[in-house]
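A quick write-up on the structure given underneath.
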Amino acid sequence: PSDIHFWECVKRQYERTHEANLSGKPIVLSGMFVPSEIYHAMDIPCLFAEYNSSMMAGRGNYFQYMDIAEGHGISNEICSPHRVAIGLAKSKMLPRPSFIVSTATTCDQTLKLYEVLADHYQVPSYLIDSAYGSQGHFLDYMRDEMKGLIAFLEEQTGRKLDYDRLKEVLRLSRQAYDYWEKLAELKKAVPCPIGSKDSMKDWGVIMNGAGTPEGVRYFEARYREIKERVDQGIGAGPEEKHRVAWLYALPLFDLGIVKWMQDEHGAVVVFDTFGMVSYDITLDPEDPIGFLAQKASKMAFIKLGWSPNEVSKSATEMAKLCVEYQTDCAIVLANWSCRQYCGTIKLLKDAVAEEAGIPFLILDGDLLDSRVVSSAQMKQKISDFINTMEAQPAKVG
């Protein structure tokens, strides 16, 4: 049932955009970490450029859009979802947006992506700045950023935000987040009830469908299904031999790699960075501006990455999760175009060694571009890693 609700949620999102495109109503092209609830509350159809690019994986020849972007001067070292987004825009394969909204996440290339898209479409754009923290004066700063976003959207659409409607949307969003937290806890069970391939659906609904009835229906069904598996002691694979911490996004061009790991090696990815929850962030629908200001920080991966490691303790916090989820190895996808994350891998490896004392694999590759490192090459390196790990003598005590 949750699969059906997932695709209903995705389908409805695209339907809204398509209907607006046909009728000439305003459409926003948006960065992934902008709170989508504001769009739902103001009835503004939105298309998330990077998420849309990721949804292209495995659907036709999406390499052509990377090539088109590169033909317009975009380096092949730019993050592949961004190259696909630019290629789609240049090919007129996206509905023309009325305006663009983006946010300064940890990804510096995101800043340039939406600048390039705004220049391409010659439309107004708004950039949400990102504070180094999520409390105190940092939260006050983000509140001001959200007020600025609301003013921009009101100006572009000619409509005033109905704050009662916003609160209704945020109550639905809070329900989705509450279920998301519970799912994160359920995945700590041994055996793990489900692999991280499926957690990408959770993240997609949080990004796009939080604040919608479709999103709540998805998470309600998802929770019932996973809770039943935990109660019955059913694991993600036929046998759970290894519990893997995947310390970055999964290779989106072939999520089947995760299923292969389960079937071939009994290695279950019990958590990945996009499924990490910030339990200390409370989203209150009765404080709508505060809710919007903190939404991105509810994703622990974003919260930890918005400030330097010495401030956020990002590497140590992620290493502690390796212990909480009882993992016996960690894999990090060194997405070759991601300068920020690749720059932290040594810190992360050292923290995992200190906190968890488990083997650590650096897996080179790209999120969408399998021409960098293919599925077969990734599988071979993972197999070598697991075989070597299993050949080591067991630790005593």
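The chains in the structure tokens are called A, B, ... from first to last as shown; in each chain the residues are counted from 1, and the ligands are counted from 1 in the order shown.
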
Test item, helix (DSSP H, G or I) assignment across region 156-363 of chain A, answer as JSON, numbers by chain: {"A": [156, 157, 163, 164, 165, 166, 167, 168, 169, 170, 171, 172, 173, 174, 175, 176, 177, 178, 179, 180, 181, 182, 183, 184, 185, 186, 196, 197, 198, 199, 200, 201, 202, 203, 204, 205, 206, 207, 208, 213, 214, 215, 216, 217, 218, 219, 220, 221, 222, 223, 224, 225, 226, 227, 228, 229, 230, 231, 252, 253, 254, 256, 257, 258, 259, 260, 261, 262, 263, 264, 265, 273, 274, 275, 288, 289, 290, 291, 292, 293, 294, 295, 296, 297, 298, 300, 301, 302, 303, 304, 305, 309, 310, 311, 312, 314, 315, 316, 317, 318, 319, 320, 321, 322, 323, 324, 339, 340, 341, 342, 345, 346, 347, 348, 349, 350, 351, 352, 353, 354, 355]}

Please produce, as a tab-separated table, a per-residue contact table for region 301-390 of chain A versus region 253-256 of chain A (criterion: any atom at most 12 Å away, only C-alpha atoms considered), showing the nearest atom pair and its distance in Å to one decimal, sorted by chain then residue number.
residue	atom	partner	partner_atom	distance
A:Gly365	CA	A:Phe253	CA	10.4
A:Asp366	CA	A:Phe253	CA	8.4
A:Leu367	CA	A:Phe253	CA	6.3
A:Leu368	CA	A:Phe253	CA	4.6
A:Asp369	CA	A:Phe253	CA	6.9
A:Ser370	CA	A:Phe253	CA	6.7
A:Arg371	CA	A:Phe253	CA	10.3
A:Val372	CA	A:Phe253	CA	11.3
A:Val373	CA	A:Phe253	CA	10.7
A:Ser374	CA	A:Asp254	CA	9.2
A:Ser375	CA	A:Asp254	CA	6.9
A:Ala376	CA	A:Asp254	CA	10.4
A:Met378	CA	A:Asp254	CA	10.3
A:Lys379	CA	A:Gly256	CA	10.5

Excluding region 128-132 of chain A and any residue of its chain fewer than 5 positions from it, enumerate the residues within 8 Å of it, using only C-alpha atoms, and give them as number ranges by chain. A: 34, 101-105, 138-139, 141-142, 145-146, 149, 306-307

List every residue of region 127-232 of chain A that has an atom at most 7 Å from any atom of region 259-280 of chain A, and for each one report the closest atom pair and its distance in Å to one decimal, counting only C-alpha atoms, with rows sorted by chain and then by increasing residue number, as CSV.
residue,atom,partner,partner_atom,distance
A:Glu181,CA,A:Val277,CA,6.5
A:Lys187,CA,A:Val270,CA,6.3
A:Cys192,CA,A:Val270,CA,6.3
A:Gly195,CA,A:Val269,CA,5.4
A:Ser196,CA,A:Val269,CA,5.6
A:Ser199,CA,A:Gly275,CA,6.6
A:Trp203,CA,A:Phe274,CA,6.7

Produce a table with one row for each residue of region 247-351 of chain A that has an atom at most 12 Å from any atom of region 36-48 of chain A, each row naming the nearest atom pair and its distance in Å at one decimal; use only C-alpha atoms; arrange rows by chain and rising residue number; format as a tab-separated table.
residue	atom	partner	partner_atom	distance
A:Pro285	CA	A:Glu37	CA	10.9
A:Pro288	CA	A:Ile38	CA	9.6
A:Ile289	CA	A:Ile38	CA	9.9
A:Phe291	CA	A:Glu37	CA	9.7
A:Leu292	CA	A:Glu37	CA	7.8
A:Ala293	CA	A:Ile38	CA	11.1
A:Lys295	CA	A:Ser36	CA	9.6
A:Ala296	CA	A:Ser36	CA	10.3

Close residues, Pro213 (chain A) itself excluded, 9 Å, only C-alpha atoms, min 6 positions apart in chain, as a ChimeraX atom specification: /A:9,169,172-173

Near-region 61-73 of chain A list (7 Å; only C-alpha atoms; drop same-chain fewer than 6 positions) as a list in words: Arg83, Val84, Ile86, Gly87 and Leu88 of chain A

Write out the residues from the selection above, keeping N, CA, C and O atoms, as a CSV table (one decimal), in the first residue's frame.
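Wrote it out as result-v9.csv, contents follow:
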chain,number,residue,atom,x,y,z
A,83,ARG,N,23.6,18.9,-13.8
A,83,ARG,CA,23.8,18.9,-15.2
A,83,ARG,C,22.5,18.4,-15.9
A,83,ARG,O,22.2,19.0,-17.0
A,84,VAL,N,21.9,17.4,-15.4
A,84,VAL,CA,20.6,16.9,-16.0
A,84,VAL,C,19.6,18.1,-15.9
A,84,VAL,O,18.9,18.3,-16.9
A,86,ILE,N,20.0,21.3,-16.0
A,86,ILE,CA,20.3,22.3,-17.0
A,86,ILE,C,20.0,21.8,-18.4
A,86,ILE,O,19.5,22.5,-19.2
A,87,GLY,N,20.4,20.6,-18.6
A,87,GLY,CA,20.1,20.0,-19.9
A,87,GLY,C,18.7,19.9,-20.2
A,87,GLY,O,18.2,20.2,-21.4
A,88,LEU,N,17.8,19.6,-19.2
A,88,LEU,CA,16.4,19.5,-19.4
A,88,LEU,C,15.9,20.9,-19.7
A,88,LEU,O,15.0,21.1,-20.6

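For the atom pair formed by CA of Met32 (chain A) and CA of Tyr51 (chain A), the distance is 6.9 Å, given to one decimal.
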
Shell of 8 Å around Ile194 (chain A), only C-alpha atoms, local chain residues under 3 positions omitted, as a list of chain:residue names: A:Lys187, A:Asp198, A:Ile226, A:Gly235, A:Ala236, A:Gly237, A:Val270

Would you mind writing down, as a PyMOL selection string, each residue of region 91-285 of chain A that DSSP on the backbone assigns to strand (DSSP E)? chain A and resi 99-103+125-128+242-246+267-272

For Thr106 (chain A), work out the shell of residues within 10 Å, counting only C-alpha atoms and skipping chain neighbours fewer than 6 positions away, then give it as a short mmCIF file (atom, residue, chain, number, x, y, z; two decimals) with N, CA and C atoms, in the first residue's frame.
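In the end it all went to selection_39.cif:
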data_model
loop_
_atom_site.label_atom_id
_atom_site.label_comp_id
_atom_site.auth_asym_id
_atom_site.auth_seq_id
_atom_site.Cartn_x
_atom_site.Cartn_y
_atom_site.Cartn_z
N SER A 130 21.32 30.57 4.62
CA SER A 130 21.30 29.50 5.62
C SER A 130 22.19 29.86 6.79
N PHE A 301 21.19 15.42 8.25
CA PHE A 301 22.26 15.57 7.27
C PHE A 301 22.46 17.04 6.92
N ILE A 302 21.37 17.78 6.81
CA ILE A 302 21.45 19.20 6.49
C ILE A 302 21.89 20.00 7.71
N LYS A 303 21.29 19.70 8.84
CA LYS A 303 21.64 20.44 10.07
C LYS A 303 23.14 20.33 10.38
N LEU A 304 23.67 19.12 10.28
CA LEU A 304 25.08 18.90 10.61
C LEU A 304 26.01 19.52 9.58
N GLY A 305 25.52 19.67 8.36
CA GLY A 305 26.38 20.19 7.31
C GLY A 305 26.33 21.68 7.13
N TRP A 306 25.44 22.36 7.86
CA TRP A 306 25.30 23.80 7.68
C TRP A 306 26.35 24.58 8.46
N SER A 307 27.08 23.94 9.31
CA SER A 307 28.12 24.64 10.06
C SER A 307 29.39 23.81 10.04
N CYS A 338 31.17 16.30 -5.50
CA CYS A 338 30.76 16.95 -4.25
C CYS A 338 31.98 17.33 -3.44
N GLN A 340 32.31 19.53 -1.01
CA GLN A 340 32.13 19.71 0.43
C GLN A 340 32.18 18.37 1.16
N TYR A 341 31.43 17.38 0.66
CA TYR A 341 31.36 16.12 1.39
C TYR A 341 32.66 15.34 1.27
#
